[in-house]
Structures are given as C-alpha cells and as structure tokens.
file upload.txt (compact mmCIF, C-alpha atoms)
# COMPACT_ATOMS: atom_id res chain seq x y z
CA MET A 15 0.00 0.00 0.00
CA ASN A 16 2.78 2.38 0.97
CA SER A 17 4.53 1.71 -2.37
CA ILE A 18 1.35 2.52 -4.29
CA ARG A 19 0.86 5.70 -2.25
CA ASN A 20 4.45 6.74 -2.85
CA TYR A 21 4.02 6.09 -6.57
CA MET A 22 0.85 8.23 -6.68
CA VAL A 23 2.54 11.07 -4.78
CA SER A 24 5.54 10.92 -7.10
CA ALA A 25 3.29 10.97 -10.15
CA LEU A 26 1.35 13.90 -8.75
CA LEU A 27 4.57 15.81 -8.03
CA LEU A 28 5.77 15.13 -11.57
CA CYS A 29 2.50 16.43 -12.98
CA ILE A 30 2.75 19.57 -10.85
CA ALA A 31 6.36 20.12 -11.90
CA TYR A 32 5.45 19.55 -15.55
CA TYR A 33 2.52 21.97 -15.34
CA SER A 34 4.68 24.58 -13.64
CA SER A 35 7.37 24.19 -16.29
CA ALA A 36 4.85 24.60 -19.07
CA GLN A 37 3.41 27.66 -17.39
CA LYS A 38 6.87 29.21 -17.12
CA ALA A 39 7.51 28.62 -20.80
CA GLU A 40 4.12 29.94 -21.79
CA GLY A 41 4.60 32.93 -19.54
CA LYS A 42 7.71 34.10 -21.38
CA SER A 43 6.76 37.17 -23.37
CA THR A 44 9.93 37.11 -25.49
CA GLN A 45 11.97 34.30 -27.02
CA ALA A 46 15.20 34.80 -28.97
CA GLY A 47 17.61 32.44 -30.63
CA LEU A 48 19.35 31.20 -33.76
CA THR A 49 17.72 30.27 -37.05
CA ALA A 50 18.73 28.58 -40.30
CA ASN A 51 16.78 28.72 -43.58
CA PHE A 52 16.74 26.28 -46.48
CA GLY A 53 14.70 27.39 -49.46
CA VAL A 54 13.85 27.06 -53.13
CA ASN A 55 13.67 30.20 -55.29
CA MET A 56 11.27 30.29 -58.23
CA ILE A 57 12.12 32.94 -60.81
CA SER A 58 9.39 34.53 -62.94
CA PRO A 59 10.98 36.26 -65.97
CA GLY A 60 9.58 39.62 -67.05
CA LEU A 61 7.74 40.55 -70.20
CA ILE A 62 10.81 41.37 -72.30
CA LYS A 63 11.42 37.61 -72.75
CA LYS A 64 15.12 38.08 -73.44
CA PHE A 65 15.95 35.67 -70.61
CA ASP A 66 14.45 32.44 -69.38
CA LYS A 67 14.82 30.76 -65.99
CA ASP A 68 17.18 27.81 -65.80
CA GLY A 69 15.63 25.37 -63.32
CA LEU A 70 15.10 25.86 -59.59
CA ASN A 71 17.46 27.88 -57.44
CA SER A 72 18.52 27.51 -53.85
CA ASN A 73 18.47 29.79 -50.82
CA ILE A 74 20.42 29.31 -47.59
CA GLY A 75 20.18 31.68 -44.65
CA ILE A 76 21.39 32.06 -41.08
CA GLY A 77 20.55 34.63 -38.45
CA LEU A 78 18.79 35.62 -35.26
CA ILE A 79 15.06 35.36 -34.52
CA ILE A 80 12.96 37.14 -31.89
CA ASN A 81 9.38 36.19 -31.01
CA THR A 82 7.48 38.42 -28.64
CA SER A 83 3.90 38.32 -27.35
CA PHE A 84 1.59 41.28 -27.01
CA LYS A 85 0.70 42.34 -23.50
CA GLY A 86 -2.63 40.82 -22.53
CA ALA A 87 -2.62 38.51 -25.58
CA PRO A 88 0.01 35.79 -25.00
CA ASN A 89 -1.05 33.79 -28.08
CA LEU A 90 -0.65 36.77 -30.40
CA GLY A 91 2.63 38.49 -31.13
CA LEU A 92 5.36 39.63 -33.50
CA SER A 93 8.19 37.59 -35.04
CA THR A 94 11.24 39.47 -36.32
CA GLY A 95 15.04 39.34 -36.28
CA ILE A 96 17.81 39.59 -38.84
CA GLU A 97 18.93 36.94 -41.33
CA PHE A 98 21.65 36.76 -43.95
CA ASP A 99 20.36 35.08 -47.11
CA PHE A 100 22.64 33.58 -49.77
CA ASP A 101 20.50 33.46 -52.91
CA GLY A 102 20.98 31.94 -56.32
CA ALA A 103 19.25 32.75 -59.63
CA LYS A 104 20.00 31.03 -62.95
CA PHE A 105 19.08 32.34 -66.40
CA GLN A 106 19.59 31.44 -70.03
CA THR A 107 19.50 34.06 -72.77
CA LYS A 108 16.92 33.66 -75.54
CA ASP A 109 18.50 36.24 -77.86
CA SER A 110 22.01 37.47 -78.64
CA ILE A 111 22.92 39.45 -75.50
CA PHE A 112 26.34 41.10 -74.98
CA TYR A 113 28.18 43.14 -72.37
CA ASP A 114 31.53 44.91 -72.12
CA TYR A 115 33.88 44.40 -69.20
CA PHE A 116 37.13 45.55 -67.64
CA SER A 117 39.00 43.20 -65.29
CA ASN A 118 36.16 41.52 -63.34
CA GLU A 119 33.65 44.39 -63.56
CA ILE A 120 30.81 44.53 -66.07
CA LEU A 121 30.71 48.02 -67.58
CA THR A 122 27.73 50.29 -68.06
CA ASN A 123 26.87 52.08 -71.28
CA ALA A 124 28.42 55.25 -69.85
CA ASN A 125 31.87 53.71 -69.29
CA SER A 126 31.93 51.07 -72.03
CA GLY A 127 34.74 53.02 -73.71
CA ASP A 128 37.08 51.64 -71.03
CA LYS A 129 36.34 48.06 -72.00
CA GLU A 130 38.93 45.31 -71.94
CA GLY A 131 36.72 42.90 -73.85
CA THR A 132 33.21 41.99 -75.03
CA PHE A 133 31.28 38.92 -73.92
CA TYR A 134 28.39 37.15 -75.66
CA LEU A 135 26.26 35.98 -72.74
CA GLN A 136 24.54 32.59 -72.97
CA SER A 137 23.80 31.66 -69.33
CA ARG A 138 24.14 33.37 -65.97
CA ASN A 139 24.29 32.08 -62.40
CA GLN A 140 23.74 35.04 -60.14
CA LYS A 141 24.88 34.97 -56.50
CA THR A 142 23.44 37.56 -54.12
CA ILE A 143 23.69 38.18 -50.38
CA TYR A 144 20.85 39.94 -48.58
CA ALA A 145 20.29 41.16 -45.05
CA THR A 146 16.67 40.23 -44.32
CA VAL A 147 14.41 41.64 -41.60
CA PRO A 148 11.15 39.65 -41.33
CA LEU A 149 8.11 41.37 -39.82
CA MET A 150 5.52 38.67 -39.19
CA MET A 151 2.42 38.45 -37.04
CA ILE A 152 2.50 35.18 -35.11
CA PHE A 153 -0.51 33.25 -33.75
CA ARG A 154 0.33 30.46 -31.28
CA THR A 155 -1.72 27.79 -29.51
CA GLN A 156 -1.36 26.81 -25.87
CA TYR A 157 1.11 24.01 -25.17
CA ILE A 158 -0.22 20.51 -25.76
CA GLY A 159 2.27 18.43 -23.82
CA ASP A 160 5.68 19.66 -24.92
CA PHE A 161 4.38 21.07 -28.22
CA ARG A 162 2.55 24.11 -29.43
CA TYR A 163 1.68 25.15 -32.96
CA PHE A 164 1.70 28.47 -34.75
CA GLY A 165 0.98 30.36 -37.92
CA LYS A 166 2.62 33.51 -39.28
CA PHE A 167 1.69 36.15 -41.80
CA GLY A 168 3.67 39.19 -42.89
CA LEU A 169 6.64 40.57 -44.80
CA ARG A 170 10.23 39.63 -45.52
CA ASN A 171 12.27 42.78 -46.16
CA SER A 172 15.62 42.04 -47.83
CA PHE A 173 18.39 44.56 -48.48
CA LEU A 174 21.14 43.81 -50.99
CA LEU A 175 24.69 43.45 -49.63
CA GLN A 176 26.51 41.84 -52.58
CA ASN A 177 25.86 40.79 -56.16
CA LEU A 178 28.26 38.60 -58.18
CA VAL A 179 27.63 36.68 -61.40
CA ASN A 180 29.13 33.55 -62.96
CA ASP A 181 28.58 33.76 -66.71
CA GLU A 182 29.05 31.28 -69.53
CA GLY A 183 29.29 32.28 -73.17
CA VAL A 184 31.61 33.42 -75.95
CA GLU A 185 34.56 35.80 -75.77
CA VAL A 186 34.32 38.21 -78.73
CA LEU A 187 37.81 39.12 -79.97
CA GLY A 188 36.87 40.95 -83.13
CA LEU A 189 35.11 40.51 -86.44
CA ASN A 190 34.59 36.76 -86.91
CA GLN A 191 37.03 36.10 -84.06
CA PHE A 192 35.79 34.50 -80.86
CA ILE A 193 36.48 31.88 -78.21
CA ALA A 194 33.55 29.64 -77.27
CA GLY A 195 32.93 27.98 -73.91
CA VAL A 196 34.37 30.82 -71.80
CA GLU A 197 33.42 31.36 -68.14
CA ASN A 198 33.51 34.77 -66.46
CA LEU A 199 33.49 33.91 -62.76
CA LYS A 200 32.66 36.22 -59.84
CA TYR A 201 32.16 39.29 -61.98
CA GLU A 202 30.79 42.40 -60.30
CA ASN A 203 27.69 44.03 -61.74
CA PRO A 204 26.99 47.04 -59.51
CA GLY A 205 23.54 48.58 -59.70
CA GLU A 206 21.90 45.77 -61.67
CA VAL A 207 20.03 44.15 -58.77
CA PHE A 208 17.36 46.25 -57.06
CA ILE A 209 18.61 47.13 -53.57
CA TYR A 210 15.32 46.12 -51.87
CA LYS A 211 13.52 42.80 -52.27
CA GLY A 212 10.11 42.58 -50.63
CA SER A 213 7.84 39.57 -50.28
CA VAL A 214 4.62 38.79 -48.46
CA GLY A 215 4.06 35.31 -47.10
CA ILE A 216 2.43 32.84 -44.82
CA SER A 217 4.01 30.05 -42.80
CA GLY A 218 3.23 27.54 -40.09
CA GLY A 219 4.98 25.08 -37.86
CA ALA A 220 5.49 23.54 -34.45
CA GLU A 221 7.54 24.36 -31.36
CA TRP A 222 8.97 21.56 -29.22
CA LYS A 223 9.95 22.55 -25.68
CA PHE A 224 12.57 19.89 -24.95
CA ILE A 225 14.09 21.79 -22.01
CA GLU A 226 12.23 24.12 -19.66
CA SER A 227 13.69 27.27 -21.21
CA THR A 228 14.74 25.97 -24.68
CA SER A 229 12.65 25.11 -27.72
CA LEU A 230 13.29 23.68 -31.17
CA VAL A 231 11.06 25.16 -33.87
CA ALA A 232 10.33 23.85 -37.36
CA GLU A 233 8.55 26.10 -39.86
CA PHE A 234 7.57 25.97 -43.53
CA GLY A 235 6.38 28.96 -45.52
CA TYR A 236 5.65 30.44 -48.93
CA TYR A 237 6.64 33.99 -49.87
CA TYR A 238 5.40 35.92 -52.90
CA GLY A 239 7.82 38.54 -54.23
CA PHE A 240 6.12 41.84 -55.06
CA THR A 241 9.20 43.88 -56.02
CA PRO A 242 11.39 43.48 -59.13
CA LEU A 243 14.73 41.71 -58.76
CA TYR A 244 16.45 44.12 -61.14
CA SER A 245 16.70 47.89 -61.34
CA ASP A 246 15.00 49.65 -64.25
CA ARG A 247 17.91 51.98 -64.92
CA LYS A 248 18.48 54.72 -67.46
CA ASP A 249 20.18 53.59 -70.68
CA VAL A 250 23.50 55.15 -69.64
CA ASN A 251 23.59 52.86 -66.57
CA LYS A 252 22.55 49.61 -68.28
CA THR A 253 25.12 46.89 -68.97
CA LEU A 254 23.45 44.39 -71.32
CA TYR A 255 22.80 45.11 -74.97
CA GLU A 256 21.80 43.69 -78.33
CA ILE A 257 23.15 44.63 -81.76
CA ASN A 258 20.47 45.89 -84.16
CA SER A 259 20.41 45.50 -87.95
CA VAL A 260 22.59 48.58 -88.53
CA GLY A 261 25.21 47.54 -85.96
CA GLU A 262 24.10 49.83 -83.11
CA LYS A 263 23.97 48.81 -79.46
CA VAL A 264 20.47 48.64 -77.96
CA TYR A 265 20.73 48.46 -74.18
CA LEU A 266 18.27 46.52 -72.01
CA SER A 267 17.76 45.29 -68.45
CA ASN A 268 16.70 41.89 -67.20
CA LYS A 269 13.23 41.76 -65.65
CA ALA A 270 12.09 39.17 -63.12
CA THR A 271 10.40 38.58 -59.78
CA GLN A 272 11.04 35.81 -57.28
CA ASN A 273 8.85 33.58 -55.12
CA GLN A 274 10.20 31.30 -52.40
CA PHE A 275 9.42 28.16 -50.44
CA VAL A 276 11.39 28.32 -47.18
CA PHE A 277 11.98 25.69 -44.50
CA LYS A 278 13.28 27.15 -41.25
CA LEU A 279 14.78 25.57 -38.13
CA SER A 280 15.19 27.72 -35.03
CA LEU A 281 16.58 27.21 -31.53
CA LEU A 282 14.83 29.54 -29.06
CA PHE A 283 15.80 30.42 -25.50
call {"tool": "encode", "arguments": {"input": "upload.txt", "output": "structure tokens"}}
result
Amino acid sequence: MNSIRNYMVSALLLCIAYYSSAQKAEGKSTQAGLTANFGVNMISPGLIKKFDKDGLNSNIGIGLIINTSFKGAPNLGLSTGIEFDFDGAKFQTKDSIFYDYFSNEILTNANSGDKEGTFYLQSRNQKTIYATVPLMMIFRTQYIGDFRYFGKFGLRNSFLLQNLVNDEGVEVLGLNQFIAGVENLKYENPGEVFIYKGSVGISGGAEWKFIESTSLVAEFGYYYGFTPLYSDRKDVNKTLYEINSVGEKVYLSNKATQNQFVFKLSLLF
C-alpha cells in the first residue's frame, strides 16, 4: 500500500512540476535564438522575354530570430530578427545578348569606352547576399504536452549586400574572331540588382519545448515577391545590350520577380 501511495505522490509531483514548467515557458513574453533557412527560389521572368529561368534555385540563410507576445494577448505576437540570405538565380538568354567588361567588372553604357573585352552571354548564375528583416504576425496555440503550434503572416524585407555573377558564353575578340565555352566567374555588376527585395508570405509550424527554457522550432512557408529583382535603370547605366540590324547597341535590363518556399529551423531560449 505504501509503495502505491508513494508512486501516486511521485506521479502527482511530476504532474505539478510539468505543469509549472509549461506555465513558465508559456509565460515568457519574449523568445530569442538562432535560425537557419533552407529554401527554393522560383524565378518569374519579365515581359521582355530576353531571358528564361534555368531550373530551380537555392536559398540558404542564417541569423537571429525574436518572437514576442503582445501584453494581454500571450497567443498573439510579432516575429522578427535579422537573417543573412545567400540566394541563387540562374538564367539562359533567348537572344544574342552582350556586355563589355574591364577586369572583373561589367561596364555600363556610360563607361563602355574603357572596356577590356566583349562577352556574348549565354547563361548566368547570379549569386546575391541579402540582409533580411522579417516582420511577421504570429498566432500560437497553448502548449499541448511539450508542443505548441503556430501560424505567421507578414513581410520579408531584404536589403542587398553583394551581387556577383558567374557567366558562360563566348569571348568576342573581333570581327569573326571569338572563343567559345568561356566562363567569367565572380564578376561584379553594380547597380543591376534592385537594392530592396520585398515579399509577403504565410508560414506555419510547431515548437517543441525539450528543455524548460529551450525550444526547437520547425517552420515551412511560402513567400510571394512583389518587387522586381532588377533595377530599371536609365540607358547610360545599363550593362546588357543587343546589336540591331545597322550595328548599333540597344541596351536593355533583365526583368524578373522571385517567389520562395522556405523551411526554417530555429533554436529559441
């Protein structure tokens, strides 16, 4: 009898401790921690149809995440932070597109007179780095055991830090002189990519409280890009061009938007 009573008391104490632990976790108005993103970028080319997407592209991101609850509404709050996104975008040209370059910099129309060479572009793998600040409303359930579930809705605001391109094509040496199968790697193309990339999205996931003050969070979301990837610059600042029937350069800019599927893992404290 005593053993059964001791077992019941121990079980009751464990339940009380568990309930208290859950209450402490639920009572935290702010959680912060580390996050890692793994995504797929889907490029939608613009109406000029000079370029076409070349398969799916990847996104990898790391950063800090902060979730905070509104006073008086513990299940409703704001999710933000800062993330560094390493994006990829692949294109193939559908027409004869050229650019001039000096060293490893792609030249604009205005400074094309300083060119070291001319390149006939056939495919491009663009590598960009963004600093992203998400601003998402978060709706969370109460804990069910060690788990609670959530949904988010809001914006991802990305600001360009670096843009490099890896190009494949033909080196133009002169009239009827060229070298095929050339790669221009890590070329700078300043001003081509629009400095701000905005997207609106929705996501959902689960939070697992595996230690009293520490949680592992898995999240999956879709984000629709509503800003252009590329700047619509004046002709003097454009880098890409075609050659018309009378041998004149006609400058153009790439046009595209980007949507994303993103899987996120976060460790919150």
call {"tool": "closest_residue", "arguments": {"input": "upload.txt", "among": "A:Ala124, A:Leu243, A:Leu169, A:Ala87", "to": "Pro148 in chain A", "atoms": "only C-alpha atoms"}}
result
A:Leu169
call {"tool": "closest_atom_pairs", "arguments": {"input": "upload.txt", "of": "range 162-211 of chain A", "to": "range 217-223 of chain A", "cutoff": "6 Å", "atoms": "only C-alpha atoms", "output": "CSV"}}
result
residue,atom,partner,partner_atom,distance
A:Arg162,CA,A:Glu221,CA,5.4
A:Tyr163,CA,A:Ala220,CA,4.4
A:Phe164,CA,A:Gly218,CA,5.6
A:Gly165,CA,A:Gly218,CA,4.2
A:Lys166,CA,A:Ser217,CA,5.1
call {"tool": "atom_distance", "arguments": {"input": "upload.txt", "atom1": "CA of Thr49 in chain A", "atom2": "CA of Ser83 in chain A"}}
result
18.7 Å
call {"tool": "closest_residue", "arguments": {"input": "upload.txt", "among": "A:Phe52, A:Phe224, A:Tyr236, A:Phe112", "to": "Asn258 in chain A", "atoms": "only C-alpha atoms"}}
result
A:Phe112
call {"tool": "atom_distance", "arguments": {"input": "upload.txt", "atom1": "CA of Phe84 in chain A", "atom2": "CA of Tyr238 in chain A"}}
result
26.7 Å
call {"tool": "closest_residue", "arguments": {"input": "upload.txt", "among": "A:Phe98, A:Asp66, A:Thr122, A:Tyr134", "to": "Ile257 in chain A", "atoms": "all atoms listed in the file"}}
result
A:Tyr134
call {"tool": "atom_distance", "arguments": {"input": "upload.txt", "atom1": "CA of Asn51 in chain A", "atom2": "CA of Phe161 in chain A"}}
result
21.2 Å
call {"tool": "residues_around", "arguments": {"input": "upload.txt", "residues": "Thr146 in chain A", "least_positions_apart": "4", "cutoff": "7 Å", "atoms": "only C-alpha atoms", "output": "compact mmCIF listing (two decimals) with C-alpha atoms, keeping the file's coordinate frame"}}
result
# COMPACT_ATOMS: atom_id res chain seq x y z
CA ILE A 96 17.81 39.59 -38.84
CA GLU A 97 18.93 36.94 -41.33
CA PHE A 98 21.65 36.76 -43.95
CA ASP A 99 20.36 35.08 -47.11
CA ARG A 170 10.23 39.63 -45.52
CA ASN A 171 12.27 42.78 -46.16
CA SER A 172 15.62 42.04 -47.83
CA PHE A 173 18.39 44.56 -48.48
call {"tool": "closest_residue", "arguments": {"input": "upload.txt", "among": "A:Ser229, A:Thr132, A:Ser259, A:Asn268", "to": "Val186 in chain A", "atoms": "all atoms listed in the file"}}
result
A:Thr132
call {"tool": "residues_around", "arguments": {"input": "upload.txt", "residues": "range 200-214 of chain A", "least_positions_apart": "2", "cutoff": "8 Å", "atoms": "only C-alpha atoms", "output": "JSON, numbers by chain"}}
result
{"A": [118, 119, 120, 121, 167, 168, 169, 170, 171, 172, 173, 174, 177, 178, 179, 180, 198, 216, 237, 238, 239, 240, 241, 242, 243, 244, 245, 252, 267, 273]}
call {"tool": "closest_residue", "arguments": {"input": "upload.txt", "among": "A:Asp246, A:Asp160, A:Asp68, A:Glu182", "to": "Ile225 in chain A", "atoms": "all atoms listed in the file"}}
result
A:Asp160
call {"tool": "decode", "arguments": {"input": "upload.txt", "residues": "range 141-255 of chain A", "atoms": "C-alpha atoms", "output": "compact mmCIF listing (two decimals), in the first residue's frame"}}
result
# COMPACT_ATOMS: atom_id res chain seq x y z
CA LYS A 141 24.88 34.97 -56.50
CA THR A 142 23.44 37.56 -54.12
CA ILE A 143 23.69 38.18 -50.38
CA TYR A 144 20.85 39.94 -48.58
CA ALA A 145 20.29 41.16 -45.05
CA THR A 146 16.67 40.23 -44.32
CA VAL A 147 14.41 41.64 -41.60
CA PRO A 148 11.15 39.65 -41.33
CA LEU A 149 8.11 41.37 -39.82
CA MET A 150 5.52 38.67 -39.19
CA MET A 151 2.42 38.45 -37.04
CA ILE A 152 2.50 35.18 -35.11
CA PHE A 153 -0.51 33.25 -33.75
CA ARG A 154 0.33 30.46 -31.28
CA THR A 155 -1.72 27.79 -29.51
CA GLN A 156 -1.36 26.81 -25.87
CA TYR A 157 1.11 24.01 -25.17
CA ILE A 158 -0.22 20.51 -25.76
CA GLY A 159 2.27 18.43 -23.82
CA ASP A 160 5.68 19.66 -24.92
CA PHE A 161 4.38 21.07 -28.22
CA ARG A 162 2.55 24.11 -29.43
CA TYR A 163 1.68 25.15 -32.96
CA PHE A 164 1.70 28.47 -34.75
CA GLY A 165 0.98 30.36 -37.92
CA LYS A 166 2.62 33.51 -39.28
CA PHE A 167 1.69 36.15 -41.80
CA GLY A 168 3.67 39.19 -42.89
CA LEU A 169 6.64 40.57 -44.80
CA ARG A 170 10.23 39.63 -45.52
CA ASN A 171 12.27 42.78 -46.16
CA SER A 172 15.62 42.04 -47.83
CA PHE A 173 18.39 44.56 -48.48
CA LEU A 174 21.14 43.81 -50.99
CA LEU A 175 24.69 43.45 -49.63
CA GLN A 176 26.51 41.84 -52.58
CA ASN A 177 25.86 40.79 -56.16
CA LEU A 178 28.26 38.60 -58.18
CA VAL A 179 27.63 36.68 -61.40
CA ASN A 180 29.13 33.55 -62.96
CA ASP A 181 28.58 33.76 -66.71
CA GLU A 182 29.05 31.28 -69.53
CA GLY A 183 29.29 32.28 -73.17
CA VAL A 184 31.61 33.42 -75.95
CA GLU A 185 34.56 35.80 -75.77
CA VAL A 186 34.32 38.21 -78.73
CA LEU A 187 37.81 39.12 -79.97
CA GLY A 188 36.87 40.95 -83.13
CA LEU A 189 35.11 40.51 -86.44
CA ASN A 190 34.59 36.76 -86.91
CA GLN A 191 37.03 36.10 -84.06
CA PHE A 192 35.79 34.50 -80.86
CA ILE A 193 36.48 31.88 -78.21
CA ALA A 194 33.55 29.64 -77.27
CA GLY A 195 32.93 27.98 -73.91
CA VAL A 196 34.37 30.82 -71.80
CA GLU A 197 33.42 31.36 -68.14
CA ASN A 198 33.51 34.77 -66.46
CA LEU A 199 33.49 33.91 -62.76
CA LYS A 200 32.66 36.22 -59.84
CA TYR A 201 32.16 39.29 -61.98
CA GLU A 202 30.79 42.40 -60.30
CA ASN A 203 27.69 44.03 -61.74
CA PRO A 204 26.99 47.04 -59.51
CA GLY A 205 23.54 48.58 -59.70
CA GLU A 206 21.90 45.77 -61.67
CA VAL A 207 20.03 44.15 -58.77
CA PHE A 208 17.36 46.25 -57.06
CA ILE A 209 18.61 47.13 -53.57
CA TYR A 210 15.32 46.12 -51.87
CA LYS A 211 13.52 42.80 -52.27
CA GLY A 212 10.11 42.58 -50.63
CA SER A 213 7.84 39.57 -50.28
CA VAL A 214 4.62 38.79 -48.46
CA GLY A 215 4.06 35.31 -47.10
CA ILE A 216 2.43 32.84 -44.82
CA SER A 217 4.01 30.05 -42.80
CA GLY A 218 3.23 27.54 -40.09
CA GLY A 219 4.98 25.08 -37.86
CA ALA A 220 5.49 23.54 -34.45
CA GLU A 221 7.54 24.36 -31.36
CA TRP A 222 8.97 21.56 -29.22
CA LYS A 223 9.95 22.55 -25.68
CA PHE A 224 12.57 19.89 -24.95
CA ILE A 225 14.09 21.79 -22.01
CA GLU A 226 12.23 24.12 -19.66
CA SER A 227 13.69 27.27 -21.21
CA THR A 228 14.74 25.97 -24.68
CA SER A 229 12.65 25.11 -27.72
CA LEU A 230 13.29 23.68 -31.17
CA VAL A 231 11.06 25.16 -33.87
CA ALA A 232 10.33 23.85 -37.36
CA GLU A 233 8.55 26.10 -39.86
CA PHE A 234 7.57 25.97 -43.53
CA GLY A 235 6.38 28.96 -45.52
CA TYR A 236 5.65 30.44 -48.93
CA TYR A 237 6.64 33.99 -49.87
CA TYR A 238 5.40 35.92 -52.90
CA GLY A 239 7.82 38.54 -54.23
CA PHE A 240 6.12 41.84 -55.06
CA THR A 241 9.20 43.88 -56.02
CA PRO A 242 11.39 43.48 -59.13
CA LEU A 243 14.73 41.71 -58.76
CA TYR A 244 16.45 44.12 -61.14
CA SER A 245 16.70 47.89 -61.34
CA ASP A 246 15.00 49.65 -64.25
CA ARG A 247 17.91 51.98 -64.92
CA LYS A 248 18.48 54.72 -67.46
CA ASP A 249 20.18 53.59 -70.68
CA VAL A 250 23.50 55.15 -69.64
CA ASN A 251 23.59 52.86 -66.57
CA LYS A 252 22.55 49.61 -68.28
CA THR A 253 25.12 46.89 -68.97
CA LEU A 254 23.45 44.39 -71.32
CA TYR A 255 22.80 45.11 -74.97
